[in-house]
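J.: Following this line is input26.txt, made up of compact mmCIF, C-alpha atoms and all ligand atoms:
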# COMPACT_ATOMS: atom_id res chain seq x y z
CA MET Q 1 15.31 5.08 17.81
CA LYS Q 2 18.89 3.86 18.21
CA ASN Q 3 21.17 3.37 15.20
CA THR Q 4 19.03 5.43 12.91
CA ARG Q 5 19.59 8.70 11.08
CA ALA Q 6 16.85 11.13 10.24
CA HIS Q 7 16.82 12.39 6.63
CA GLY Q 8 14.29 15.11 6.93
CA MET Q 9 10.58 14.96 7.30
CA GLY Q 10 9.27 11.48 7.81
CA SER Q 11 12.19 9.31 6.76
CA VAL Q 12 14.86 7.45 8.67
CA THR Q 13 17.66 4.96 7.95
CA VAL Q 14 16.77 1.81 9.86
CA ARG Q 15 19.78 -0.22 8.70
CA GLU Q 16 22.55 0.56 6.26
CA GLY Q 17 20.85 0.64 2.85
CA ILE Q 18 17.26 0.71 4.20
CA VAL Q 19 15.39 3.99 4.45
CA MET Q 20 11.89 4.01 5.90
CA PHE Q 21 9.35 6.67 4.94
CA ARG Q 22 6.88 6.92 7.77
CA GLY Q 23 3.21 6.50 7.00
CA LYS Q 24 0.39 7.35 9.36
CA LEU Q 25 -2.66 5.70 10.79
CA SER Q 26 -5.97 7.02 9.57
CA ARG Q 27 -7.94 9.05 12.13
CA HIS Q 28 -11.15 7.91 10.46
CA LEU Q 29 -11.32 5.82 7.29
CA PHE Q 30 -14.16 7.86 5.75
CA ALA Q 31 -12.26 11.13 6.23
CA ASP Q 32 -8.59 10.32 6.07
CA PRO Q 33 -6.66 7.62 4.17
CA MET Q 34 -4.37 5.14 5.85
CA ILE Q 35 -0.76 5.71 4.70
CA SER Q 36 1.56 2.72 4.93
CA ASN Q 37 5.26 2.96 5.73
CA ALA Q 38 7.36 2.69 2.57
CA PHE Q 39 10.91 1.33 2.35
CA PHE Q 40 13.68 2.22 -0.08
CA ILE Q 41 16.47 -0.34 -0.27
CA GLU Q 42 19.83 0.26 -1.95
CA ASP Q 43 22.41 -2.45 -2.42
CA SER Q 44 25.26 -1.71 -4.88
CA ASP Q 45 23.71 -1.71 -8.36
CA GLU Q 46 20.13 -2.51 -7.32
CA ALA Q 47 17.36 -0.55 -5.66
CA ILE Q 48 14.00 -1.77 -4.39
CA LEU Q 49 11.03 0.31 -3.30
CA TYR Q 50 8.95 -2.00 -1.13
CA ASP Q 51 5.36 -0.96 -0.32
CA PRO Q 52 5.30 2.34 -2.23
CA SER Q 53 2.40 3.53 -0.03
CA CYS Q 54 -0.20 6.04 -1.25
CA GLY Q 55 -0.69 9.78 -1.39
CA ARG Q 56 1.25 12.73 -2.78
CA GLN Q 57 3.06 13.74 0.38
CA ILE Q 58 4.89 10.47 0.97
CA ALA Q 59 5.46 10.09 -2.80
CA ALA Q 60 7.16 13.52 -2.86
CA ALA Q 61 9.41 12.52 0.07
CA MET Q 62 10.42 9.29 -1.72
CA GLU Q 63 11.00 11.10 -5.01
CA ASP Q 64 13.22 13.71 -3.30
CA HIS Q 65 15.25 10.98 -1.66
CA ILE Q 66 15.70 9.02 -4.90
CA ARG Q 67 16.77 12.18 -6.77
CA GLN Q 68 19.23 13.10 -3.99
CA ARG Q 69 20.76 9.64 -4.13
CA ARG Q 70 21.16 9.91 -7.91
CA HIS Q 71 22.77 13.35 -7.55
CA ALA Q 72 25.12 11.81 -4.99
CA GLY Q 73 26.26 9.31 -7.65
CA ALA Q 74 23.96 6.32 -7.20
CA ALA Q 75 23.40 4.62 -10.56
CA TRP Q 76 21.38 1.44 -10.32
CA LYS Q 77 21.30 -1.18 -13.04
CA LYS Q 78 18.26 -3.00 -11.67
CA THR Q 79 15.30 -1.38 -9.96
CA PHE Q 80 12.13 -2.88 -8.53
CA VAL Q 81 8.91 -1.63 -7.02
CA VAL Q 82 7.22 -4.35 -4.96
CA ALA Q 83 3.78 -4.05 -3.39
CA GLY Q 84 3.68 -5.99 -0.11
CA HIS Q 85 0.05 -6.61 -1.19
CA SER Q 86 -2.49 -4.95 -3.44
CA HIS Q 87 -4.44 -2.88 -0.88
CA VAL Q 88 -4.99 0.78 -1.66
CA ASP Q 89 -2.65 2.11 1.05
CA HIS Q 90 0.29 0.03 -0.30
CA ALA Q 91 0.02 -0.60 -4.05
CA ASN Q 92 0.24 2.97 -5.30
CA ASN Q 93 2.96 5.40 -6.44
CA PHE Q 94 4.22 2.84 -9.00
CA ALA Q 95 5.37 5.85 -11.10
CA LEU Q 96 8.43 6.15 -8.83
CA ILE Q 97 10.02 3.33 -10.84
CA ASP Q 98 10.64 5.94 -13.58
CA VAL Q 99 12.41 8.31 -11.16
CA MET Q 100 14.98 5.59 -10.42
CA HIS Q 101 16.23 5.61 -14.05
CA ALA Q 102 17.66 2.14 -14.46
CA PRO Q 103 18.09 -0.03 -17.57
CA GLU Q 104 16.14 -2.83 -15.87
CA LYS Q 105 12.84 -1.94 -14.16
CA HIS Q 106 10.09 -4.10 -12.74
CA VAL Q 107 6.93 -3.53 -10.76
CA TYR Q 108 5.74 -6.65 -8.93
CA VAL Q 109 2.45 -7.61 -7.28
CA HIS Q 110 1.44 -11.16 -6.37
CA GLU Q 111 -0.85 -12.67 -9.01
CA SER Q 112 -3.83 -12.85 -6.65
CA GLY Q 113 -3.69 -9.06 -6.39
CA PHE Q 114 -4.83 -8.78 -10.03
CA ARG Q 115 -8.31 -8.89 -11.51
CA ASP Q 116 -8.85 -8.89 -15.29
CA GLY Q 117 -5.16 -8.07 -15.80
CA GLN Q 118 -5.27 -4.98 -13.55
CA VAL Q 119 -3.87 -4.58 -10.03
CA MET Q 120 -6.79 -4.31 -7.60
CA ASN Q 121 -5.54 -1.04 -6.12
CA GLU Q 122 -8.33 1.23 -7.27
CA PRO Q 123 -10.20 2.49 -4.15
CA LYS Q 124 -13.75 2.23 -5.57
CA SER Q 125 -13.33 -1.38 -6.68
CA MET Q 126 -11.64 -2.27 -3.40
CA PHE Q 127 -14.57 -0.86 -1.38
CA GLU Q 128 -17.04 -2.59 -3.68
CA SER Q 129 -15.28 -5.89 -3.18
CA LEU Q 130 -15.49 -5.40 0.61
CA VAL Q 131 -19.27 -5.52 0.27
CA THR Q 132 -19.39 -8.43 -2.16
CA CYS Q 133 -16.96 -10.62 -0.23
CA SER Q 134 -19.19 -10.54 2.84
CA GLU Q 135 -22.65 -10.64 1.32
CA ASN Q 136 -23.18 -14.38 1.75
CA TYR Q 137 -22.54 -14.01 5.49
CA PHE Q 138 -23.81 -10.58 6.52
CA SER Q 139 -24.70 -7.19 5.10
CA ARG Q 140 -21.70 -4.86 5.36
CA TYR Q 141 -23.94 -1.79 5.76
CA ALA Q 142 -25.56 -3.26 8.88
CA THR Q 143 -22.28 -3.90 10.71
CA PHE Q 144 -21.15 -0.36 11.45
CA PRO Q 145 -21.25 0.76 15.10
CA PHE Q 146 -23.30 3.69 16.40
CA PRO Q 147 -23.57 6.43 15.07
CA TYR Q 148 -22.38 5.19 11.64
CA ASN Q 149 -25.16 2.58 11.59
CA LEU Q 150 -27.64 5.48 11.36
CA LEU Q 151 -25.80 6.89 8.32
CA MET Q 152 -25.78 3.41 6.79
CA SER Q 153 -29.48 2.70 7.29
CA PRO Q 154 -30.53 4.15 3.88
CA PHE Q 155 -28.00 1.79 2.27
CA THR Q 156 -29.42 -1.17 4.20
CA VAL Q 157 -32.90 -0.35 2.91
CA MET Q 158 -31.76 0.44 -0.66
CA ASN Q 159 -29.76 -2.78 -0.75
CA ARG Q 160 -33.00 -4.80 -0.63
CA PHE Q 161 -34.16 -3.35 -3.96
CA ALA Q 162 -30.98 -2.44 -5.86
CA PRO Q 163 -27.91 -4.18 -4.42
CA ALA Q 164 -25.53 -3.47 -7.32
CA PHE Q 165 -26.42 0.24 -7.41
CA THR Q 166 -26.19 0.46 -3.59
CA ARG Q 167 -22.77 -1.18 -3.62
CA ARG Q 168 -21.45 1.17 -6.31
CA LEU Q 169 -22.83 4.25 -4.54
CA TRP Q 170 -21.41 3.18 -1.18
CA ALA Q 171 -18.01 2.40 -2.72
CA ALA Q 172 -17.92 5.75 -4.54
CA MET Q 173 -18.66 7.61 -1.29
CA ALA Q 174 -16.24 5.55 0.82
CA ALA Q 175 -13.47 6.06 -1.76
CA ILE Q 176 -13.69 9.87 -1.95
CA VAL Q 177 -10.70 10.57 0.31
CA TRP Q 178 -8.50 7.75 -0.99
CA PRO Q 179 -5.84 8.45 -3.64
CA ASN Q 180 -6.21 6.78 -7.02
CA PRO Q 181 -3.25 4.70 -8.27
CA VAL Q 182 -0.35 6.64 -9.84
CA ASN Q 183 1.20 4.39 -12.45
CA GLY Q 184 4.40 4.93 -14.41
CA SER Q 185 5.69 3.58 -17.70
CA VAL Q 186 6.19 0.04 -16.36
CA PRO Q 187 3.12 -2.20 -16.12
CA ALA Q 188 2.86 -4.32 -12.99
CA GLU Q 189 3.97 -7.93 -13.44
CA PRO Q 190 2.34 -10.75 -11.47
CA LEU Q 191 4.43 -12.87 -9.10
CA ARG Q 192 3.18 -16.27 -10.18
CA GLU Q 193 2.65 -19.14 -7.74
CA GLU Q 194 3.98 -21.58 -10.36
CA LYS Q 195 7.28 -19.63 -10.46
CA LYS Q 196 7.91 -19.89 -6.71
CA GLU Q 197 11.26 -21.25 -5.59
CA SER Q 198 12.20 -22.98 -2.34
CA PHE Q 199 14.62 -21.37 0.09
CA ARG Q 200 16.27 -23.27 2.91
CA PHE Q 201 16.99 -21.71 6.30
CA GLY Q 202 18.54 -24.39 8.51
CA ASP Q 203 15.90 -27.13 8.66
CA ALA Q 204 13.13 -24.83 7.47
CA VAL Q 205 12.10 -24.51 3.83
CA MET Q 206 10.08 -21.50 2.70
CA THR Q 207 8.81 -20.55 -0.71
CA GLY Q 208 8.93 -17.32 -2.64
CA TRP Q 209 10.67 -15.46 -5.44
CA LYS Q 210 14.09 -13.91 -6.00
CA VAL Q 211 13.94 -10.18 -6.65
CA GLY Q 212 17.44 -9.06 -7.57
CA SER Q 213 19.61 -10.43 -4.76
CA LYS Q 214 16.77 -10.37 -2.19
CA ILE Q 215 14.06 -12.93 -1.36
CA LEU Q 216 10.34 -12.30 -1.43
CA LEU Q 217 8.57 -14.81 0.80
CA ALA Q 218 4.96 -15.79 0.25
CA THR Q 219 3.24 -14.72 3.49
CA PRO Q 220 -0.52 -14.85 2.84
CA GLY Q 221 -3.15 -14.30 5.50
CA HIS Q 222 -3.94 -10.60 5.65
CA SER Q 223 -4.44 -10.99 1.92
CA PRO Q 224 -3.70 -13.92 -0.40
CA CYS Q 225 -1.32 -11.57 -2.23
CA SER Q 226 0.84 -10.66 0.81
CA VAL Q 227 4.60 -11.00 0.24
CA SER Q 228 7.45 -10.16 2.64
CA LEU Q 229 10.94 -9.07 1.68
CA LEU Q 230 14.00 -10.62 3.30
CA TRP Q 231 17.46 -9.02 2.98
CA GLU Q 232 19.61 -11.71 4.52
CA GLU Q 233 22.86 -9.70 4.70
CA ARG Q 234 21.13 -7.02 6.78
CA LYS Q 235 19.01 -9.57 8.70
CA ALA Q 236 16.03 -7.39 7.81
CA LEU Q 237 12.47 -8.56 7.17
CA LEU Q 238 9.84 -6.25 5.68
CA VAL Q 239 6.38 -7.71 6.19
CA SER Q 240 3.79 -5.19 4.99
CA ASP Q 241 0.38 -5.97 6.60
CA ALA Q 242 1.22 -9.58 7.49
CA ASP Q 243 1.69 -7.98 10.94
CA TRP Q 244 -1.41 -5.74 10.92
CA ILE Q 245 -3.05 -5.47 14.37
CA GLY Q 246 -6.51 -5.78 12.81
CA ASN Q 247 -5.81 -9.10 11.06
CA PRO Q 248 -7.51 -11.12 9.68
CA VAL Q 249 -9.63 -8.08 8.56
CA PHE Q 250 -11.67 -9.15 5.51
CA MET Q 251 -13.48 -12.18 4.16
CA PHE Q 252 -10.68 -12.62 1.62
CA SER Q 253 -8.17 -12.87 4.50
CA SER Q 254 -7.34 -16.15 6.25
CA LEU Q 255 -6.80 -16.39 10.00
CA SER Q 256 -4.95 -19.70 9.73
CA ASP Q 257 -2.64 -18.31 7.02
CA CYS Q 258 -2.04 -15.20 9.17
CA ILE Q 259 -0.83 -17.45 12.00
CA GLU Q 260 1.28 -19.57 9.64
CA SER Q 261 2.99 -16.47 8.20
CA LEU Q 262 3.74 -15.09 11.67
CA GLU Q 263 5.18 -18.48 12.61
CA LYS Q 264 7.48 -18.27 9.57
CA PHE Q 265 8.72 -14.90 10.88
CA ARG Q 266 9.19 -16.51 14.29
CA THR Q 267 11.28 -19.34 12.82
CA LEU Q 268 13.49 -16.89 10.93
CA THR Q 269 13.99 -14.78 14.07
CA GLU Q 270 14.76 -17.77 16.30
CA MET Q 271 17.37 -18.92 13.81
CA GLY Q 272 19.06 -15.51 13.83
CA VAL Q 273 18.17 -14.88 10.16
CA VAL Q 274 16.13 -11.81 11.20
CA GLU Q 275 17.19 -9.08 13.64
CA VAL Q 276 15.11 -6.19 12.40
CA PHE Q 277 11.39 -6.47 11.71
CA LEU Q 278 9.73 -3.80 9.58
CA PRO Q 279 5.91 -3.65 9.40
CA ALA Q 280 3.89 -1.34 7.17
CA HIS Q 281 2.05 0.18 10.13
CA GLY Q 282 3.61 0.54 13.55
CA GLN Q 283 7.02 0.47 15.14
CA VAL Q 284 10.20 -1.09 13.80
CA LYS Q 285 11.24 -3.97 16.09
CA THR Q 286 14.94 -4.62 16.61
CA GLY Q 287 16.57 -7.53 18.43
CA ARG Q 288 15.66 -11.19 18.75
CA ASP Q 289 13.77 -11.02 22.06
CA THR Q 290 11.78 -7.92 21.12
CA ILE Q 291 10.71 -9.47 17.81
CA LEU Q 292 9.85 -12.83 19.37
CA ASN Q 293 7.82 -11.20 22.17
CA HIS Q 294 5.94 -9.19 19.57
CA LEU Q 295 5.25 -12.21 17.35
CA ASP Q 296 4.14 -14.32 20.32
CA PHE Q 297 1.68 -11.59 21.26
CA ARG Q 298 0.32 -11.38 17.70
CA ILE Q 299 0.03 -15.17 17.29
CA GLY Q 300 -1.59 -15.54 20.72
CA ARG Q 301 -4.05 -12.76 19.89
CA LEU Q 302 -5.15 -14.49 16.68
CA LYS Q 303 -5.50 -17.88 18.39
CA ASN Q 304 -7.44 -16.25 21.22
CA MET Q 305 -9.78 -14.63 18.66
CA ARG Q 306 -10.48 -18.03 17.11
CA ASP Q 307 -10.98 -19.69 20.52
CA GLU Q 308 -13.42 -17.00 21.65
CA VAL Q 309 -15.53 -17.39 18.48
CA LEU Q 310 -15.58 -21.17 18.66
CA CYS Q 311 -16.38 -21.20 22.41
CA ALA Q 312 -19.29 -18.82 21.79
CA TYR Q 313 -20.50 -21.05 18.95
CA ASP Q 314 -20.24 -24.14 21.19
CA ALA Q 315 -22.14 -22.39 23.97
CA HIS Q 316 -24.94 -20.95 21.83
CA GLY Q 317 -24.96 -23.04 18.62
CA GLU Q 318 -25.48 -19.79 16.73
CA LYS Q 319 -24.34 -19.79 13.07
CA ASP Q 320 -25.81 -16.44 12.08
CA VAL Q 321 -22.77 -14.16 11.87
CA ARG Q 322 -24.58 -11.02 13.03
CA LYS Q 323 -26.21 -12.78 15.98
CA LEU Q 324 -23.03 -14.55 17.06
CA THR Q 325 -21.08 -11.28 16.80
CA ARG Q 326 -23.66 -9.58 19.01
CA ILE Q 327 -23.29 -12.39 21.58
CA LEU Q 328 -19.50 -12.10 21.51
CA VAL Q 329 -19.51 -8.33 21.95
CA GLU Q 330 -21.85 -8.75 24.94
CA GLU Q 331 -20.06 -11.68 26.57
CA SER Q 332 -16.38 -11.43 25.62
CA PRO Q 333 -14.28 -8.54 26.97
CA PHE Q 334 -11.83 -9.21 24.13
CA PHE Q 335 -14.51 -8.83 21.44
CA LYS Q 336 -16.01 -5.81 23.17
CA THR Q 337 -12.55 -4.20 22.94
CA LEU Q 338 -12.19 -5.23 19.30
CA LYS Q 339 -15.57 -3.71 18.51
CA LEU Q 340 -14.37 -0.35 19.83
CA THR Q 341 -11.76 -0.30 17.06
CA ASN Q 342 -14.18 -1.50 14.38
CA LEU Q 343 -14.42 0.11 10.93
CA PRO Q 344 -14.41 3.03 10.23
CA LYS Q 345 -12.12 3.94 13.15
CA MET Q 346 -9.59 1.28 12.18
CA VAL Q 347 -9.21 -1.35 9.49
CA LEU Q 348 -10.79 -4.11 11.55
CA ASN Q 349 -14.26 -5.59 11.48
CA VAL Q 350 -15.56 -8.01 14.09
CA HIS Q 351 -18.16 -9.51 11.73
CA ASP Q 352 -15.45 -10.54 9.27
CA ILE Q 353 -13.44 -12.08 12.11
CA VAL Q 354 -16.43 -14.10 13.33
CA ALA Q 355 -17.38 -15.25 9.81
CA LEU Q 356 -13.79 -16.22 8.99
CA CYS Q 357 -13.35 -18.22 12.20
CA LEU Q 358 -16.61 -20.12 11.58
CA ASN Q 359 -15.60 -20.63 7.97
CA GLU Q 360 -12.17 -22.01 8.71
CA ALA Q 361 -13.61 -24.34 11.38
CA GLY Q 362 -15.92 -25.77 8.67
CA ILE Q 363 -19.05 -24.44 10.40
CA LEU Q 364 -19.88 -22.12 7.52
CA THR Q 365 -18.69 -22.73 4.00
CA ARG Q 366 -17.38 -20.20 1.53
CA PRO Q 367 -19.78 -19.42 -1.30
CA GLY Q 368 -19.05 -21.70 -4.20
CA ALA Q 369 -17.19 -24.19 -2.01
CA SER Q 370 -18.34 -27.78 -2.45
FE FE Q 401 -3.72 -4.23 3.85
FE FE Q 402 -2.11 -1.36 5.27
Would you mind writing the file's structure down as structure tokens?
T.:
Amino acid sequence: MKNTRAHGMGSVTVREGIVMFRGKLSRHLFADPMISNAFFIEDSDEAILYDPSCGRQIAAAMEDHIRQRRHAGAAWKKTFVVAGHSHVDHANNFALIDVMHAPEKHVYVHESGFRDGQVMNEPKSMFESLVTCSENYFSRYATFPFPYNLLMSPFTVMNRFAPAFTRRLWAAMAAIVWPNPVNGSVPAEPLREEKKESFRFGDAVMTGWKVGSKILLATPGHSPCSVSLLWEERKALLVSDADWIGNPVFMFSSLSDCIESLEKFRTLTEMGVVEVFLPAHGQVKTGRDTILNHLDFRIGRLKNMRDEVLCAYDAHGEKDVRKLTRILVEESPFFKTLKLTNLPKMVLNVHDIVALCLNEAGILTRPGAS
């Protein structure tokens, strides 16, 4: 990569003041956790760790770097840890706030990433919620591809008699390889919707929060709690999973919000506000045309997903999510390809995509919706 300096294993300076710690894609989600990229930002007297990732190895690399910077004379007055969203591969390693040793310290997660006052970053509860969020549309256990469907069949049967027990057992097994949260002395604070400010970029107005001298933009879609960090002086935008290839992913995602957030990134890039685009998984994109091409591809892919689902619904009139998914995988080359990267190979699930598209088109309704 041009204009970057390696710091040792797994980290690189992507712009002056921005160090990226490389994560890795999971080989298999039941055997190997997904590790997000993490970013350490230094700007005079403030430091921000955005998407602190998960796992001991990347945490050790970040801790070494922070200690080296302090030995080299860095003394920050204000420090922040910001989770790009509350998923288990991002909202972990909060204890690194204590390694930064500053008089002012904050850990931030968007308010919708909390449940009962706790950040929803505990693997077992996350896997449990994956089952509950889909149960009005399809049974999660029945959606795995061959040969995992065979392993899941006892859960499908057990679910008929003891759904809560089945869910807890499944979540406990699925969570085995995932790191538990590592918290420090600073409790996470919610970024409240009611505290959002407006920021003007040319004719465009976007909402978010100030964190030190940087802006956190509300960019929901992948998750309602997704926030992206903009450092205007460096023209750098850190987007967490708002750019995840498997979006919209889960029933608590929103395909239309995913598109809207990507269009915000597009606007900022077109205006010259952004020149470097930093996702939590995948390659750093540098330069206006490269970023715009990438965003056009992602937006087109999401719109194509929605069109394919709605065309299949129009053609067959099928509202049952499992049946319509089966039709799509048989008839749509795009959905057949998506299915090949289904859970547990990647964080993507075709049944969630189908249910979400039907939902957002008003064909199905969310449980509890009037
Ligand atoms: Fe995520
Ligand atoms: Fe992620």
J.: As an mmCIF file with C-alpha atoms, in the coordinates of the input, please: every protein or nucleic acid residue near ligand FE 402 (chain Q) (cut-off 6 Å, counting only C-alpha atoms and all ligand atoms).
T.:
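Produced file part.cif, reproduced below:
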data_model
loop_
_atom_site.group_PDB
_atom_site.id
_atom_site.type_symbol
_atom_site.label_atom_id
_atom_site.label_comp_id
_atom_site.auth_asym_id
_atom_site.auth_seq_id
_atom_site.Cartn_x
_atom_site.Cartn_y
_atom_site.Cartn_z
ATOM 1 C CA SER Q 36 1.560 2.720 4.930
ATOM 2 C CA ASP Q 89 -2.650 2.110 1.050
ATOM 3 C CA ASP Q 241 0.380 -5.970 6.600
#
J.: Measuring atom to atom with only C-alpha atoms, identify which of Q:Arg306, Q:Val82, Q:Asp51, Q:Cys311 is nearest to Lys210 (chain Q).
T.: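 When distances to Lys210 (chain Q) are compared using only C-alpha atoms, the smallest one comes from Q:Val82.
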J.: Name the residues in contact with region 103-114 of chain Q at a cut-off of 8 Å, using only C-alpha atoms, excluding same-chain residues fewer than 4 positions from it; report them as a list in words.
T.: Lys77, Lys78, Thr79, Phe80, Val81, Val82, Ala83, Gly84, His85, Ser86, Phe94, Ile97, Gln118, Val119, Met120, Val186, Pro187, Ala188, Glu189, Pro190, Leu191, Arg192, Glu193, Pro224, Cys225, Ser226 and Val227 of chain Q
J.: Write a file of the selected residues as a compact mmCIF listing (two decimals), in the coordinates of the input, keeping C-alpha atoms.
T.:
# COMPACT_ATOMS: atom_id res chain seq x y z
CA LYS Q 77 21.30 -1.18 -13.04
CA LYS Q 78 18.26 -3.00 -11.67
CA THR Q 79 15.30 -1.38 -9.96
CA PHE Q 80 12.13 -2.88 -8.53
CA VAL Q 81 8.91 -1.63 -7.02
CA VAL Q 82 7.22 -4.35 -4.96
CA ALA Q 83 3.78 -4.05 -3.39
CA GLY Q 84 3.68 -5.99 -0.11
CA HIS Q 85 0.05 -6.61 -1.19
CA SER Q 86 -2.49 -4.95 -3.44
CA PHE Q 94 4.22 2.84 -9.00
CA ILE Q 97 10.02 3.33 -10.84
CA GLN Q 118 -5.27 -4.98 -13.55
CA VAL Q 119 -3.87 -4.58 -10.03
CA MET Q 120 -6.79 -4.31 -7.60
CA VAL Q 186 6.19 0.04 -16.36
CA PRO Q 187 3.12 -2.20 -16.12
CA ALA Q 188 2.86 -4.32 -12.99
CA GLU Q 189 3.97 -7.93 -13.44
CA PRO Q 190 2.34 -10.75 -11.47
CA LEU Q 191 4.43 -12.87 -9.10
CA ARG Q 192 3.18 -16.27 -10.18
CA GLU Q 193 2.65 -19.14 -7.74
CA PRO Q 224 -3.70 -13.92 -0.40
CA CYS Q 225 -1.32 -11.57 -2.23
CA SER Q 226 0.84 -10.66 0.81
CA VAL Q 227 4.60 -11.00 0.24
J.: List every residue of chain Q that has an atom at most 10 Å from any atom of ligand FE 401 (chain Q), giving for each one its closest atom pair and the distance in Å to one decimal, counting all atoms listed in the file, sorted by chain and then by ascending residue number, as JSON lines.
T.:
{"residue": "Q:Met34", "atom": "CA", "partner": "Q:FE401", "partner_atom": "FE", "distance": 9.6}
{"residue": "Q:Ser36", "atom": "CA", "partner": "Q:FE401", "partner_atom": "FE", "distance": 8.8}
{"residue": "Q:Gly84", "atom": "CA", "partner": "Q:FE401", "partner_atom": "FE", "distance": 8.6}
{"residue": "Q:His85", "atom": "CA", "partner": "Q:FE401", "partner_atom": "FE", "distance": 6.7}
{"residue": "Q:Ser86", "atom": "CA", "partner": "Q:FE401", "partner_atom": "FE", "distance": 7.4}
{"residue": "Q:His87", "atom": "CA", "partner": "Q:FE401", "partner_atom": "FE", "distance": 5.0}
{"residue": "Q:Val88", "atom": "CA", "partner": "Q:FE401", "partner_atom": "FE", "distance": 7.6}
{"residue": "Q:Asp89", "atom": "CA", "partner": "Q:FE401", "partner_atom": "FE", "distance": 7.0}
{"residue": "Q:His90", "atom": "CA", "partner": "Q:FE401", "partner_atom": "FE", "distance": 7.2}
{"residue": "Q:Ala91", "atom": "CA", "partner": "Q:FE401", "partner_atom": "FE", "distance": 9.5}
{"residue": "Q:His222", "atom": "CA", "partner": "Q:FE401", "partner_atom": "FE", "distance": 6.6}
{"residue": "Q:Ser223", "atom": "CA", "partner": "Q:FE401", "partner_atom": "FE", "distance": 7.1}
{"residue": "Q:Cys225", "atom": "CA", "partner": "Q:FE401", "partner_atom": "FE", "distance": 9.8}
{"residue": "Q:Ser226", "atom": "CA", "partner": "Q:FE401", "partner_atom": "FE", "distance": 8.4}
{"residue": "Q:Ser240", "atom": "CA", "partner": "Q:FE401", "partner_atom": "FE", "distance": 7.7}
{"residue": "Q:Asp241", "atom": "CA", "partner": "Q:FE401", "partner_atom": "FE", "distance": 5.2}
{"residue": "Q:Ala242", "atom": "CA", "partner": "Q:FE401", "partner_atom": "FE", "distance": 8.1}
{"residue": "Q:Asp243", "atom": "CA", "partner": "Q:FE401", "partner_atom": "FE", "distance": 9.7}
{"residue": "Q:Trp244", "atom": "CA", "partner": "Q:FE401", "partner_atom": "FE", "distance": 7.6}
{"residue": "Q:Gly246", "atom": "CA", "partner": "Q:FE401", "partner_atom": "FE", "distance": 9.5}
{"residue": "Q:Asn247", "atom": "CA", "partner": "Q:FE401", "partner_atom": "FE", "distance": 8.9}
{"residue": "Q:Pro248", "atom": "CA", "partner": "Q:FE401", "partner_atom": "FE", "distance": 9.8}
{"residue": "Q:Val249", "atom": "CA", "partner": "Q:FE401", "partner_atom": "FE", "distance": 8.5}
{"residue": "Q:Phe250", "atom": "CA", "partner": "Q:FE401", "partner_atom": "FE", "distance": 9.5}
{"residue": "Q:Ser253", "atom": "CA", "partner": "Q:FE401", "partner_atom": "FE", "distance": 9.7}
{"residue": "Q:Ala280", "atom": "CA", "partner": "Q:FE401", "partner_atom": "FE", "distance": 8.8}
{"residue": "Q:His281", "atom": "CA", "partner": "Q:FE401", "partner_atom": "FE", "distance": 9.6}
{"residue": "Q:Val347", "atom": "CA", "partner": "Q:FE401", "partner_atom": "FE", "distance": 8.4}
J.: Store the residues of this selection in a file with C-alpha atoms, as a tab-separated table (two decimals), keeping the file's coordinate frame.
T.:
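Output contents, as saved in out.tsv:
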chain	number	residue	atom	x	y	z
Q	34	MET	CA	-4.37	5.14	5.85
Q	36	SER	CA	1.56	2.72	4.93
Q	84	GLY	CA	3.68	-5.99	-0.11
Q	85	HIS	CA	0.05	-6.61	-1.19
Q	86	SER	CA	-2.49	-4.95	-3.44
Q	87	HIS	CA	-4.44	-2.88	-0.88
Q	88	VAL	CA	-4.99	0.78	-1.66
Q	89	ASP	CA	-2.65	2.11	1.05
Q	90	HIS	CA	0.29	0.03	-0.30
Q	91	ALA	CA	0.02	-0.60	-4.05
Q	222	HIS	CA	-3.94	-10.60	5.65
Q	223	SER	CA	-4.44	-10.99	1.92
Q	225	CYS	CA	-1.32	-11.57	-2.23
Q	226	SER	CA	0.84	-10.66	0.81
Q	240	SER	CA	3.79	-5.19	4.99
Q	241	ASP	CA	0.38	-5.97	6.60
Q	242	ALA	CA	1.22	-9.58	7.49
Q	243	ASP	CA	1.69	-7.98	10.94
Q	244	TRP	CA	-1.41	-5.74	10.92
Q	246	GLY	CA	-6.51	-5.78	12.81
Q	247	ASN	CA	-5.81	-9.10	11.06
Q	248	PRO	CA	-7.51	-11.12	9.68
Q	249	VAL	CA	-9.63	-8.08	8.56
Q	250	PHE	CA	-11.67	-9.15	5.51
Q	253	SER	CA	-8.17	-12.87	4.50
Q	280	ALA	CA	3.89	-1.34	7.17
Q	281	HIS	CA	2.05	0.18	10.13
Q	347	VAL	CA	-9.21	-1.35	9.49
J.: Would you list the contacts of Met173 (chain Q) as a list in words, taking every protein, DNA or RNA residue within 10 Å and counting all atoms listed in the file, but skipping same-chain residues closer than 6 positions in sequence?
T.: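 Final neighbour list, sorted by chain and number: Phe30, Lys124, Phe127 and Arg167 of chain Q.
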